[in-house]
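Student: So here's query-v1.txt (compact mmCIF, C-alpha atoms).
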# COMPACT_ATOMS: atom_id res chain seq x y z
CA MET A 1 -16.80 -8.45 -6.09
CA ALA A 2 -18.54 -11.59 -7.32
CA GLY A 3 -21.65 -12.90 -5.57
CA PRO A 4 -21.24 -14.80 -2.28
CA GLU A 5 -21.82 -18.19 -3.95
CA ILE A 6 -18.99 -17.65 -6.45
CA GLU A 7 -16.69 -16.18 -3.75
CA ARG A 8 -17.29 -19.25 -1.59
CA MET A 9 -16.54 -21.58 -4.50
CA VAL A 10 -13.33 -19.64 -5.29
CA GLN A 11 -12.18 -19.82 -1.65
CA LEU A 12 -12.73 -23.58 -1.52
CA LEU A 13 -11.10 -24.23 -4.90
CA ALA A 14 -8.10 -22.13 -3.79
CA ARG A 15 -7.40 -24.68 -1.04
CA LEU A 16 -6.83 -27.48 -3.55
CA PRO A 17 -3.21 -28.49 -4.14
CA GLY A 18 -2.02 -26.96 -7.39
CA LEU A 19 -4.49 -24.07 -7.36
CA GLY A 20 -3.81 -20.63 -5.84
CA PRO A 21 -6.21 -17.72 -5.38
CA ARG A 22 -5.79 -16.56 -9.00
CA SER A 23 -6.12 -19.93 -10.65
CA ALA A 24 -9.09 -20.69 -8.38
CA ARG A 25 -10.87 -17.62 -9.84
CA ARG A 26 -10.01 -18.79 -13.31
CA ALA A 27 -11.23 -22.31 -12.50
CA ALA A 28 -14.50 -20.97 -11.02
CA LEU A 29 -15.26 -18.91 -14.15
CA PHE A 30 -14.28 -21.85 -16.33
CA LEU A 31 -16.77 -24.01 -14.41
CA ILE A 32 -19.59 -21.45 -14.58
CA LYS A 33 -19.05 -20.95 -18.30
CA ARG A 34 -19.45 -24.71 -18.75
CA ARG A 35 -22.51 -24.94 -16.57
CA ASP A 36 -24.08 -28.02 -18.13
CA SER A 37 -20.96 -29.83 -19.29
CA LEU A 38 -18.80 -29.32 -16.20
CA LEU A 39 -20.25 -27.46 -13.20
CA GLU A 40 -23.41 -29.51 -12.94
CA PRO A 41 -21.61 -32.90 -13.48
CA LEU A 42 -18.93 -31.94 -10.93
CA GLY A 43 -21.60 -31.06 -8.38
CA ARG A 44 -23.22 -34.43 -9.04
CA ALA A 45 -19.90 -36.33 -8.82
CA ILE A 46 -19.17 -34.65 -5.48
CA ALA A 47 -22.63 -35.48 -4.14
CA GLU A 48 -22.23 -39.12 -5.21
CA THR A 49 -18.75 -39.33 -3.70
CA LEU A 50 -20.06 -37.89 -0.43
CA ASP A 51 -22.96 -40.30 -0.54
CA ARG A 52 -21.16 -43.51 -1.44
CA VAL A 53 -17.38 -43.44 -1.07
CA ARG A 54 -16.04 -44.81 2.21
CA ALA A 55 -12.75 -46.26 3.45
CA CYS A 56 -12.64 -50.05 3.00
CA SER A 57 -12.93 -51.69 6.43
CA VAL A 58 -10.35 -54.30 5.44
CA CYS A 59 -7.54 -52.34 3.77
CA GLY A 60 -8.40 -48.63 4.06
CA ASN A 61 -8.71 -48.06 0.29
CA LEU A 62 -11.46 -45.66 -0.85
CA ASP A 63 -14.37 -47.23 -2.71
CA SER A 64 -18.14 -47.26 -2.87
CA ALA A 65 -18.08 -50.98 -2.02
CA ASP A 66 -16.95 -52.38 1.35
CA PRO A 67 -14.81 -54.52 1.16
CA CYS A 68 -13.34 -52.53 -1.75
CA ALA A 69 -13.01 -53.89 -5.31
CA ILE A 70 -9.39 -54.94 -4.69
CA CYS A 71 -10.14 -56.79 -1.41
CA ALA A 72 -13.17 -58.46 -3.01
CA ASP A 73 -11.34 -59.54 -6.18
CA PRO A 74 -10.68 -63.33 -5.92
CA ARG A 75 -8.06 -63.11 -8.69
CA ARG A 76 -5.79 -61.02 -6.49
CA ASP A 77 -3.17 -62.89 -4.50
CA GLU A 78 -4.12 -62.76 -0.83
CA THR A 79 -0.75 -64.10 0.26
CA MET A 80 0.94 -60.84 -0.82
CA LEU A 81 0.21 -57.73 1.22
CA CYS A 82 1.57 -54.34 0.16
CA VAL A 83 1.67 -51.70 2.92
CA VAL A 84 1.25 -48.14 1.64
CA GLU A 85 1.09 -44.73 3.26
CA ASP A 86 -2.06 -43.50 1.58
CA VAL A 87 -4.53 -44.08 -1.23
CA ALA A 88 -2.41 -41.94 -3.57
CA SER A 89 0.42 -44.51 -3.20
CA LEU A 90 -2.05 -47.34 -3.79
CA TRP A 91 -3.20 -45.68 -7.02
CA ALA A 92 0.43 -45.15 -8.08
CA LEU A 93 1.15 -48.88 -7.58
CA GLU A 94 -2.04 -49.86 -9.42
CA ARG A 95 -1.05 -47.61 -12.32
CA SER A 96 2.22 -49.54 -12.60
CA GLY A 97 0.24 -52.77 -12.98
CA ALA A 98 3.17 -54.57 -11.33
CA PHE A 99 1.42 -55.77 -8.18
CA ARG A 100 -1.46 -58.25 -8.10
CA GLY A 101 -1.77 -58.81 -4.36
CA ARG A 102 -3.77 -56.97 -1.69
CA TYR A 103 -3.07 -53.68 0.08
CA HIS A 104 -3.00 -52.22 3.54
CA VAL A 105 -3.35 -48.43 3.69
CA LEU A 106 -1.82 -46.91 6.83
CA GLY A 107 -3.35 -43.47 6.38
CA GLY A 108 -0.05 -41.69 7.02
CA VAL A 109 3.38 -42.29 8.52
CA LEU A 110 4.65 -42.09 12.09
CA SER A 111 5.68 -38.56 12.93
CA ALA A 112 6.85 -37.38 16.32
CA LEU A 113 6.65 -33.80 15.07
CA GLU A 114 3.00 -34.06 14.08
CA GLY A 115 2.13 -36.39 16.96
CA VAL A 116 1.19 -39.35 14.75
CA GLY A 117 1.60 -42.60 16.68
CA PRO A 118 1.07 -46.28 15.72
CA GLU A 119 -2.55 -46.23 16.94
CA ASP A 120 -3.38 -43.32 14.60
CA LEU A 121 -2.29 -45.42 11.64
CA GLY A 122 -3.63 -48.77 10.52
CA ILE A 123 -0.76 -50.63 12.24
CA PRO A 124 -2.78 -52.67 14.79
CA GLY A 125 -5.06 -53.74 11.92
CA LEU A 126 -2.01 -54.71 9.86
CA VAL A 127 -0.58 -56.83 12.72
CA GLN A 128 -3.95 -58.59 13.00
CA ARG A 129 -4.19 -59.26 9.26
CA VAL A 130 -0.69 -60.71 9.18
CA ALA A 131 -1.30 -62.75 12.38
CA ALA A 132 -4.32 -64.36 10.67
CA GLY A 133 -1.71 -66.44 8.85
CA GLN A 134 -2.68 -66.26 5.16
CA VAL A 135 -0.14 -63.57 4.24
CA ARG A 136 3.24 -64.94 3.16
CA GLU A 137 4.94 -61.69 2.13
CA VAL A 138 4.50 -58.13 3.39
CA ILE A 139 5.95 -55.53 1.01
CA LEU A 140 6.62 -52.22 2.75
CA ALA A 141 6.08 -49.69 -0.03
CA LEU A 142 6.59 -46.54 2.04
CA SER A 143 8.19 -43.26 1.01
CA ALA A 144 11.98 -43.09 1.13
CA THR A 145 11.74 -40.22 3.62
CA VAL A 146 12.87 -40.18 7.26
CA ASP A 147 9.28 -40.60 8.53
CA GLY A 148 8.50 -43.25 5.91
CA GLN A 149 11.57 -45.31 6.81
CA THR A 150 10.97 -44.87 10.56
CA THR A 151 7.48 -46.24 9.99
CA ALA A 152 8.88 -49.15 7.96
CA HIS A 153 11.34 -50.03 10.77
CA TYR A 154 8.59 -49.81 13.36
CA ILE A 155 6.42 -52.19 11.32
CA VAL A 156 9.33 -54.61 10.88
CA ASP A 157 9.68 -54.66 14.72
CA ARG A 158 5.96 -55.17 15.24
CA LEU A 159 5.82 -58.03 12.73
CA ALA A 160 9.02 -59.68 14.00
CA GLY A 161 7.21 -62.73 15.35
CA ALA A 162 5.09 -63.32 12.22
CA SER A 163 5.92 -66.03 9.72
CA ALA A 164 5.50 -63.69 6.72
CA ARG A 165 8.55 -62.50 4.81
CA LEU A 166 9.12 -58.74 4.99
CA THR A 167 10.43 -56.89 1.95
CA GLY A 168 10.85 -53.25 0.90
CA LEU A 169 10.94 -51.47 -2.46
CA ALA A 170 14.37 -51.31 -4.08
CA HIS A 171 16.21 -47.99 -4.18
CA GLY A 172 17.96 -46.96 -7.36
CA VAL A 173 17.98 -44.81 -10.46
CA PRO A 174 14.42 -43.99 -11.63
CA VAL A 175 13.68 -45.39 -15.10
CA GLY A 176 14.41 -42.55 -17.53
CA GLY A 177 16.37 -40.69 -14.84
CA GLU A 178 19.63 -38.94 -15.65
CA LEU A 179 22.45 -39.41 -13.15
CA ASP A 180 23.35 -35.75 -13.37
CA TYR A 181 20.00 -34.79 -11.82
CA LEU A 182 19.98 -37.42 -9.07
CA ASP A 183 20.88 -36.81 -5.43
CA GLU A 184 23.92 -38.51 -3.92
CA GLY A 185 21.82 -40.77 -1.67
CA THR A 186 20.06 -42.35 -4.63
CA ILE A 187 23.30 -42.79 -6.56
CA SER A 188 24.99 -44.42 -3.53
CA ALA A 189 22.00 -46.75 -3.06
CA ALA A 190 21.96 -47.67 -6.75
CA LEU A 191 25.67 -48.37 -6.68
CA ALA A 192 25.47 -50.48 -3.53
CA ALA A 193 22.63 -52.53 -5.06
CA ARG A 194 24.34 -52.91 -8.47
CA ARG A 195 23.40 -55.99 -10.46
CA PRO A 196 25.19 -58.19 -13.01
CA MET A 197 24.15 -57.44 -16.59
CA MET B 198 -8.76 -48.33 -10.12
CA ALA B 199 -10.77 -46.08 -7.83
CA GLY B 200 -14.57 -46.36 -7.69
CA PRO B 201 -16.64 -44.81 -10.52
CA GLU B 202 -17.64 -41.80 -8.37
CA ILE B 203 -14.02 -40.86 -7.68
CA GLU B 204 -12.96 -41.53 -11.27
CA ARG B 205 -15.71 -39.24 -12.52
CA MET B 206 -14.65 -36.50 -10.09
CA VAL B 207 -11.01 -36.86 -11.18
CA GLN B 208 -11.96 -36.64 -14.86
CA LEU B 209 -13.97 -33.47 -14.31
CA LEU B 210 -11.33 -31.83 -12.10
CA ALA B 211 -8.69 -32.64 -14.72
CA ARG B 212 -10.53 -30.37 -17.18
CA LEU B 213 -9.98 -27.31 -14.98
CA PRO B 214 -7.31 -24.87 -16.12
CA GLY B 215 -4.18 -25.40 -14.04
CA LEU B 216 -4.94 -29.04 -13.20
CA GLY B 217 -3.76 -32.04 -15.22
CA PRO B 218 -4.67 -35.73 -14.78
CA ARG B 219 -2.12 -36.19 -11.97
CA SER B 220 -2.92 -33.07 -10.01
CA ALA B 221 -6.64 -33.85 -10.44
CA ARG B 222 -6.07 -37.19 -8.67
CA ARG B 223 -4.19 -35.40 -5.92
CA ALA B 224 -6.97 -32.80 -5.65
CA ALA B 225 -9.66 -35.50 -5.49
CA LEU B 226 -7.90 -37.36 -2.66
CA PHE B 227 -7.26 -34.05 -0.90
CA LEU B 228 -11.00 -33.32 -1.12
CA ILE B 229 -12.07 -36.77 0.11
CA LYS B 230 -9.64 -36.59 3.03
CA ARG B 231 -11.24 -33.28 4.03
CA ARG B 232 -14.77 -34.55 3.64
CA ASP B 233 -16.49 -32.22 6.12
CA SER B 234 -14.24 -29.19 5.81
CA LEU B 235 -13.86 -29.11 2.03
CA LEU B 236 -15.67 -31.73 -0.08
CA GLU B 237 -19.09 -31.17 1.45
CA PRO B 238 -18.81 -27.32 1.42
CA LEU B 239 -17.58 -27.39 -2.19
CA GLY B 240 -20.53 -29.55 -3.20
CA ARG B 241 -22.84 -27.07 -1.48
CA ALA B 242 -21.14 -24.02 -3.07
CA ILE B 243 -21.50 -25.62 -6.51
CA ALA B 244 -25.17 -26.44 -5.90
CA GLU B 245 -25.82 -22.84 -4.76
CA THR B 246 -23.95 -21.42 -7.74
CA LEU B 247 -25.97 -23.64 -10.09
CA ASP B 248 -29.14 -22.61 -8.34
CA ARG B 249 -28.62 -18.86 -8.08
CA VAL B 250 -25.85 -17.46 -10.27
CA ARG B 251 -26.96 -16.06 -13.61
CA ALA B 252 -25.60 -13.58 -16.15
CA CYS B 253 -26.87 -10.06 -15.41
CA SER B 254 -29.43 -9.09 -18.07
CA VAL B 255 -28.04 -5.56 -18.20
CA CYS B 256 -24.25 -6.00 -18.31
CA GLY B 257 -23.53 -9.74 -18.54
CA ASN B 258 -21.71 -9.92 -15.18
CA LEU B 259 -22.29 -13.08 -13.10
CA ASP B 260 -24.29 -12.64 -9.90
CA SER B 261 -27.13 -14.11 -7.91
CA ALA B 262 -29.02 -10.81 -8.31
CA ASP B 263 -30.36 -9.51 -11.63
CA PRO B 264 -29.48 -6.68 -12.28
CA CYS B 265 -26.13 -7.51 -10.67
CA ALA B 266 -24.71 -5.74 -7.61
CA ILE B 267 -22.67 -3.38 -9.81
CA CYS B 268 -25.58 -2.41 -12.09
CA ALA B 269 -27.83 -1.93 -9.05
CA ASP B 270 -25.33 0.16 -7.08
CA PRO B 271 -26.50 3.83 -7.22
CA ARG B 272 -23.05 5.02 -6.12
CA ARG B 273 -21.51 3.81 -9.36
CA ASP B 274 -21.23 6.32 -12.16
CA GLU B 275 -23.68 5.35 -14.88
CA THR B 276 -22.19 7.83 -17.34
CA MET B 277 -19.01 5.71 -17.57
CA LEU B 278 -19.27 2.36 -19.32
CA CYS B 279 -16.33 -0.02 -19.42
CA VAL B 280 -16.49 -2.70 -22.14
CA VAL B 281 -14.71 -5.93 -21.22
CA GLU B 282 -14.21 -9.28 -22.90
CA ASP B 283 -15.32 -11.48 -20.04
CA VAL B 284 -16.12 -11.62 -16.34
CA ALA B 285 -12.46 -12.42 -15.57
CA SER B 286 -11.52 -8.99 -17.00
CA LEU B 287 -14.31 -7.36 -14.99
CA TRP B 288 -12.95 -8.95 -11.81
CA ALA B 289 -9.41 -7.81 -12.70
CA LEU B 290 -10.63 -4.22 -13.09
CA GLU B 291 -12.59 -4.41 -9.84
CA ARG B 292 -9.48 -5.68 -8.05
CA SER B 293 -7.63 -2.57 -9.20
CA GLY B 294 -10.34 -0.42 -7.56
CA ALA B 295 -9.61 2.21 -10.20
CA PHE B 296 -12.99 2.20 -11.96
CA ARG B 297 -16.27 3.25 -10.36
CA GLY B 298 -18.56 3.18 -13.40
CA ARG B 299 -20.62 0.39 -14.94
CA TYR B 300 -19.58 -2.50 -17.16
CA HIS B 301 -20.59 -4.21 -20.36
CA VAL B 302 -19.39 -7.82 -20.71
CA LEU B 303 -19.09 -8.92 -24.35
CA GLY B 304 -18.63 -12.60 -23.60
CA GLY B 305 -15.65 -12.94 -25.94
CA VAL B 306 -13.98 -11.18 -28.84
CA LEU B 307 -14.62 -11.26 -32.56
CA SER B 308 -12.76 -14.12 -34.18
CA ALA B 309 -12.99 -15.10 -37.82
CA LEU B 310 -11.07 -18.28 -37.02
CA GLU B 311 -13.51 -19.44 -34.37
CA GLY B 312 -16.54 -18.06 -36.20
CA VAL B 313 -17.45 -15.50 -33.52
CA GLY B 314 -19.40 -12.61 -35.04
CA PRO B 315 -20.86 -9.39 -33.56
CA GLU B 316 -24.22 -11.07 -32.87
CA ASP B 317 -22.56 -13.75 -30.73
CA LEU B 318 -21.15 -11.05 -28.48
CA GLY B 319 -23.05 -8.44 -26.50
CA ILE B 320 -22.43 -5.80 -29.18
CA PRO B 321 -26.07 -5.08 -30.17
CA GLY B 322 -26.87 -4.70 -26.47
CA LEU B 323 -23.94 -2.33 -26.07
CA VAL B 324 -25.08 -0.18 -29.00
CA GLN B 325 -28.55 0.00 -27.41
CA ARG B 326 -27.20 0.95 -23.99
CA VAL B 327 -25.07 3.72 -25.48
CA ALA B 328 -27.94 4.93 -27.71
CA ALA B 329 -30.10 5.36 -24.59
CA GLY B 330 -28.06 8.54 -24.06
CA GLN B 331 -26.94 8.40 -20.44
CA VAL B 332 -23.43 7.11 -21.16
CA ARG B 333 -20.88 9.86 -21.69
CA GLU B 334 -17.74 7.76 -21.99
CA VAL B 335 -17.19 4.21 -23.25
CA ILE B 336 -13.85 2.75 -22.19
CA LEU B 337 -12.81 -0.17 -24.37
CA ALA B 338 -10.82 -2.38 -21.96
CA LEU B 339 -10.13 -5.23 -24.34
CA SER B 340 -7.04 -7.43 -24.59
CA ALA B 341 -4.11 -6.03 -26.56
CA THR B 342 -4.30 -9.02 -28.91
CA VAL B 343 -5.17 -9.02 -32.61
CA ASP B 344 -8.72 -10.27 -31.92
CA GLY B 345 -9.16 -7.89 -28.99
CA GLN B 346 -8.09 -4.89 -31.03
CA THR B 347 -10.18 -5.98 -34.05
CA THR B 348 -13.18 -6.10 -31.70
CA ALA B 349 -12.32 -2.65 -30.32
CA HIS B 350 -12.14 -1.19 -33.84
CA TYR B 351 -15.44 -2.82 -34.78
CA ILE B 352 -17.10 -1.32 -31.70
CA VAL B 353 -15.66 2.12 -32.49
CA ASP B 354 -17.25 1.84 -35.97
CA ARG B 355 -20.60 0.72 -34.57
CA LEU B 356 -20.67 3.56 -32.02
CA ALA B 357 -19.50 6.19 -34.51
CA GLY B 358 -22.83 8.04 -34.45
CA ALA B 359 -23.17 8.10 -30.64
CA SER B 360 -22.45 11.16 -28.58
CA ALA B 361 -20.34 9.24 -26.04
CA ARG B 362 -16.59 9.65 -25.99
CA LEU B 363 -14.68 6.47 -26.82
CA THR B 364 -11.42 5.70 -25.03
CA GLY B 365 -9.08 2.73 -24.70
CA LEU B 366 -6.65 1.55 -22.04
CA ALA B 367 -3.16 3.03 -22.31
CA HIS B 368 -0.31 0.82 -23.49
CA GLY B 369 3.02 1.01 -21.67
CA VAL B 370 5.44 -0.55 -19.26
CA PRO B 371 3.60 -2.62 -16.60
CA VAL B 372 4.14 -1.26 -13.07
CA GLY B 373 7.08 -3.21 -11.64
CA GLY B 374 8.05 -4.41 -15.13
CA GLU B 375 11.68 -4.53 -16.22
CA LEU B 376 12.43 -3.22 -19.70
CA ASP B 377 14.75 -6.13 -20.36
CA TYR B 378 11.84 -8.57 -20.19
CA LEU B 379 9.38 -6.53 -22.26
CA ASP B 380 8.56 -7.14 -25.88
CA GLU B 381 9.44 -4.54 -28.51
CA GLY B 382 5.79 -3.64 -29.18
CA THR B 383 5.21 -2.59 -25.58
CA ILE B 384 8.45 -0.61 -25.45
CA SER B 385 7.60 1.20 -28.72
CA ALA B 386 4.11 2.00 -27.40
CA ALA B 387 5.49 3.26 -24.07
CA LEU B 388 8.03 5.41 -25.89
CA ALA B 389 5.45 6.89 -28.26
CA ALA B 390 3.17 7.75 -25.32
CA ARG B 391 5.98 9.18 -23.16
CA ARG B 392 4.97 11.78 -20.62
CA PRO B 393 6.67 14.82 -19.03
CA MET B 394 7.94 14.14 -15.50
Is it possible to give me this structure as structure tokens?

Tutor:
Amino acid sequence: MAGPEIERMVQLLARLPGLGPRSARRAALFLIKRRDSLLEPLGRAIAETLDRVRACSVCGNLDSADPCAICADPRRDETMLCVVEDVASLWALERSGAFRGRYHVLGGVLSALEGVGPEDLGIPGLVQRVAAGQVREVILALSATVDGQTTAHYIVDRLAGASARLTGLAHGVPVGGELDYLDEGTISAALAARRPM
Amino acid sequence: MAGPEIERMVQLLARLPGLGPRSARRAALFLIKRRDSLLEPLGRAIAETLDRVRACSVCGNLDSADPCAICADPRRDETMLCVVEDVASLWALERSGAFRGRYHVLGGVLSALEGVGPEDLGIPGLVQRVAAGQVREVILALSATVDGQTTAHYIVDRLAGASARLTGLAHGVPVGGELDYLDEGTISAALAARRPM
């Protein structure tokens, strides 16, 4: 229907989360229509990302510098280490602006079903970083899913001998959340962790 | 937060229809995770599209060949000319497989509001193609919007002297459509154009 170049671009765009075959066609035409303002810059951004962006050898974050900007920033507290599943979680925490320590990106969670074991994740690296002695608190900021919590428990076991304090994110009502729309598990957790006002 | 290369990619992806700032971040990480299977091929597809894809000088379709594959195909009926707004409409018609003639892509519709006049569209080119004499029927396959229909009427006026027959797409109930969900205009049009069964 369209030329092979466009068809190829449509097929690849259709694999992105949030785009289906139809919206990928629309996106491809949108790009081609904006050749100079969008298609060409996107091609350049992809080439530069391919050329420069790597996983940080310290924490696993993605950056063009290694160690990454966060690991290299002397203003960030190196006694606090936040363990996250992936770079998306790291970005979410950075957006909140509430954490000024360093990160450790696991690159996934333990999953028997998908055959992901501790060695596939950054867990040995995490144990080493904590054993080095500078870290005083490890915050496990993993998803509140079965696999996320299994991973958190596994890490707690592995770090049992370390002197660092281990903490996890609080469960409760999301800010702006209506009780009516919340699941029972969240409501129970919020109730159990109720605080004086 | 992320490096400048990733940030740039996120910003550009966020401009695509169907992606917002959040889903653009997700898409960018998804791409970087699939470096060899997705990011690199997408970069290559974009480079090839930039390099080869052009608007066909005859009909305005996008292709790496000029004239495009449709204009160059001798099996397609050159006496039938279908006028469409944009390449997305052309693709939609091709998907239906119901039309085996040639196309003329206007590149938009007349719009007083957005200052789009006949010269901005492919209308002079259309008049020329029809005046050449080979076309026996011009099918106006434009959107059933005010601007689309204004454009159709303008084209009918401009082609008044030509020998070609002018037709438009039928209005009616979409196949699979439930009457309950249809607007009154469509129902009135379907009723007025009712057919013996």

Student: Nearest to chain A among B:Asp354, B:Glu311, B:Glu316, B:Glu237, with distances taken over all atoms listed in the file: which residue is it?

Tutor: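 For chain A, the nearest of the given residues is B:Glu237.
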
Student: Of the candidates B:Leu287, B:Val255, B:Ala309, B:Met277, which shows the shortest atom-to-atom distance to chain A, using only C-alpha atoms?

Tutor: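 Closest to chain A, using only C-alpha atoms: B:Leu287.
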
Student: Near chain B, meaning an atom within 6 Å, which residues of chain A appear when counting only C-alpha atoms? Write them as a VMD selection string.

Tutor: chain A and resid 3 5 9 16 to 17 27 43 45 to 46 49 63

Student: Check the smallest atom-to-atom distance from each of B:Thr364, B:Glu275, B:Val280, B:Val372 to Gly330 of chain B using all atoms listed in the file, then report the winner.

Tutor: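 Using all atoms listed in the file, the shortest distance to Gly330 of chain B belongs to B:Glu275.
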
Student: Please indicate the distance in Å from atom CA of Asp274 of chain B to atom CA of Val302 of chain B, rounded to one decimal place.

Tutor: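 Interatomic distance here is 16.6 Å.
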
Student: Provide the atom CA of Leu93 of chain A to atom CA of Arg194 of chain A distance in Å, to one decimal place.

Tutor: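 Atom CA of Arg194 of chain A lies 23.6 Å from atom CA of Leu93 of chain A.
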
Student: Name the closest residue to Ala338 of chain B among the candidates B:Arg326, B:Arg272, B:His301, B:Arg231; distances are taken between atoms, counting only C-alpha atoms.

Tutor: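 That would be B:His301, the residue with the smallest distance to Ala338 of chain B.
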
Student: What is the distance between atom CA of Gly60 of chain A and atom CA of Ala72 of chain A, in Å to one decimal?

Tutor: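 Separation between atom CA of Gly60 of chain A and atom CA of Ala72 of chain A: 13.0 Å.
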
Student: Can you list, as a PyMOL selection string, every protein, DNA or RNA residue that comes within 9 Å of segment 346-351 of chain B when you count only C-alpha atoms, leaving out same-chain residues fewer than 3 positions away?

Tutor: chain B and resi 306-308+315+337-343+354-356+365
